[in-house]
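A short worksheet on the structure shown next.
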Amino acid sequence: QVQLVESGGGLVQAGGSLRLSCVASESIFSISFNAMGWYRQAPGKQRELVARITGSGSTNIADSVKGRFTISRDNAKNTVYLQMNSLKPEDTAVYYCNTNYAGFTYWGQGTQVTVSS
C-alpha cells in the first residue's frame, strides 16, 4: 500500500507563495516511474486537477494556475512538490496528492491552503 503524506499548507496573503510537499512512503513504489498529481477541492466544489507530472517528467498544469504554479519532484526523496506563487483567494482549497499504482488510486490526507485578500 502506498502512503502519500502532504505538508506545507497554511494561511497566506494574496500575492504570496507556498510550497507543498508530498512524500510517498512505500519502499517498492518510486515516483520516478509513476505519474503523480496535485488536486484541490474548495468548499462546495468538485475536486479538480491542478498539476501532474509523469514518470518521464512531462508536466501538465491547469489553465487556472498556469504561469503561477509549478510541479516538480525529487526522486531521491520520493517527494513531489507544488510551488505556488502569486496566490489568489480563489486558490483557497484543500490540496491533495494522488497517484495510481498496481490498479489502485491513492490519495493523501490533504493540506489546507487559505489565501486571504
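Order determines the names: the first chain of the C-alpha cells is A, the second B, and so forth; residues in each chain are numbered 1 upward, and ligands are numbered 1 upward as they are shown.
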
Spatial neighbours of Thr114 in chain A, 12 Å, only C-alpha atoms, chain gap at least 5 places, as a PyMOL selection string:
chain A and resi 8-14+16-18+40-43+87-95

Extract the full set of strand (DSSP E or B) residues from chain A according to DSSP on the backbone, and format it as a PyMOL selection string.
chain A and resi 3-7+10-13+18-25+36-41+48-53+59-61+69-74+79-84+93-101+104-107+111-116

Mind checking which residues fall within 12 Å of Gln1 in chain A, counting only C-alpha atoms, ignoring those fewer than 4 positions away in the same chain, and posting them as an MDAnalysis selection string?
chainID A and resid 24:29 99:107

Write out as a PyMOL selection string which residues come within 7 Å of Leu82 in chain A when counting only C-alpha atoms, dropping same-chain ones fewer than 6 positions away.
chain A and resi 19-21+69-72

Can you spit out the residues from that selection as a PDB file, in the first residue's frame, using N, CA and C atoms?
ATOM      1  N   ARG A  19       4.946  26.356  -0.783  1.00  0.00           N
ATOM      2  CA  ARG A  19       5.408  25.153  -1.466  1.00  0.00           C
ATOM      3  C   ARG A  19       4.856  23.941  -0.733  1.00  0.00           C
ATOM      4  N   LEU A  20       4.076  23.158  -1.442  1.00  0.00           N
ATOM      5  CA  LEU A  20       3.532  21.925  -0.884  1.00  0.00           C
ATOM      6  C   LEU A  20       4.456  20.757  -1.218  1.00  0.00           C
ATOM      7  N   SER A  21       4.534  19.814  -0.279  1.00  0.00           N
ATOM      8  CA  SER A  21       5.335  18.607  -0.486  1.00  0.00           C
ATOM      9  C   SER A  21       4.454  17.384  -0.320  1.00  0.00           C
ATOM     10  N   PHE A  69       1.831  28.269 -10.827  1.00  0.00           N
ATOM     11  CA  PHE A  69       2.152  27.032 -10.109  1.00  0.00           C
ATOM     12  C   PHE A  69       3.111  26.187 -10.938  1.00  0.00           C
ATOM     13  N   THR A  70       3.996  25.484 -10.231  1.00  0.00           N
ATOM     14  CA  THR A  70       4.945  24.578 -10.886  1.00  0.00           C
ATOM     15  C   THR A  70       4.992  23.273 -10.111  1.00  0.00           C
ATOM     16  N   ILE A  71       4.991  22.150 -10.830  1.00  0.00           N
ATOM     17  CA  ILE A  71       5.134  20.842 -10.191  1.00  0.00           C
ATOM     18  C   ILE A  71       6.530  20.313 -10.491  1.00  0.00           C
ATOM     19  N   SER A  72       7.134  19.706  -9.480  1.00  0.00           N
ATOM     20  CA  SER A  72       8.463  19.133  -9.663  1.00  0.00           C
ATOM     21  C   SER A  72       8.605  17.943  -8.726  1.00  0.00           C
TER      22      SER A  72
END

Run DSSP on the backbone of this structure and report the residues of range 24-113 of chain A it assigns to helix (DSSP H, G or I), as a PyMOL selection string.
chain A and resi 31-33+75-77+89-91

Those residues with N, CA and C atoms, as a PDB file, in the first residue's frame please?
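Generated file (part-v7.pdb):
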ATOM      1  N   ILE A  31       8.358   7.320  -7.240  1.00  0.00           N
ATOM      2  CA  ILE A  31       7.706   8.356  -8.038  1.00  0.00           C
ATOM      3  C   ILE A  31       8.379   8.535  -9.384  1.00  0.00           C
ATOM      4  N   SER A  32       9.590   8.031  -9.526  1.00  0.00           N
ATOM      5  CA  SER A  32      10.286   8.204 -10.794  1.00  0.00           C
ATOM      6  C   SER A  32       9.664   7.360 -11.898  1.00  0.00           C
ATOM      7  N   PHE A  33       8.843   6.383 -11.546  1.00  0.00           N
ATOM      8  CA  PHE A  33       8.208   5.520 -12.553  1.00  0.00           C
ATOM      9  C   PHE A  33       6.707   5.705 -12.635  1.00  0.00           C
ATOM     10  N   ASN A  75      13.395  12.592  -6.989  1.00  0.00           N
ATOM     11  CA  ASN A  75      13.284  11.126  -6.973  1.00  0.00           C
ATOM     12  C   ASN A  75      14.017  10.511  -5.780  1.00  0.00           C
ATOM     13  N   ALA A  76      15.129  11.079  -5.416  1.00  0.00           N
ATOM     14  CA  ALA A  76      15.910  10.518  -4.302  1.00  0.00           C
ATOM     15  C   ALA A  76      15.130  10.580  -2.994  1.00  0.00           C
ATOM     16  N   LYS A  77      14.269  11.597  -2.869  1.00  0.00           N
ATOM     17  CA  LYS A  77      13.465  11.743  -1.651  1.00  0.00           C
ATOM     18  C   LYS A  77      12.053  11.187  -1.834  1.00  0.00           C
ATOM     19  N   PRO A  89      -7.139  34.515  -3.666  1.00  0.00           N
ATOM     20  CA  PRO A  89      -8.158  33.957  -2.755  1.00  0.00           C
ATOM     21  C   PRO A  89      -8.877  32.747  -3.360  1.00  0.00           C
ATOM     22  N   GLU A  90      -9.041  32.729  -4.662  1.00  0.00           N
ATOM     23  CA  GLU A  90      -9.723  31.587  -5.296  1.00  0.00           C
ATOM     24  C   GLU A  90      -8.872  30.314  -5.315  1.00  0.00           C
ATOM     25  N   ASP A  91      -7.630  30.403  -4.881  1.00  0.00           N
ATOM     26  CA  ASP A  91      -6.794  29.207  -4.736  1.00  0.00           C
ATOM     27  C   ASP A  91      -7.046  28.510  -3.401  1.00  0.00           C
TER      28      ASP A  91
END

What's the 10 Å shell around Ser58 in chain A, counting only C-alpha atoms, without same-chain residues fewer than 2 positions away, as number ranges by chain?
A: 35, 52-56, 60, 71-72

Please compute the CA of Gly37 in chain A-CA of Gly15 in chain A distance, one decimal, in Å.
23.6 Å

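The two atoms in question, CA of Arg47 in chain A and CA of Cys97 in chain A, are spaced 11.6 Å apart.
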
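Of note, CA of Gly57 in chain A and CA of Asn98 in chain A are spaced 15.7 Å apart.
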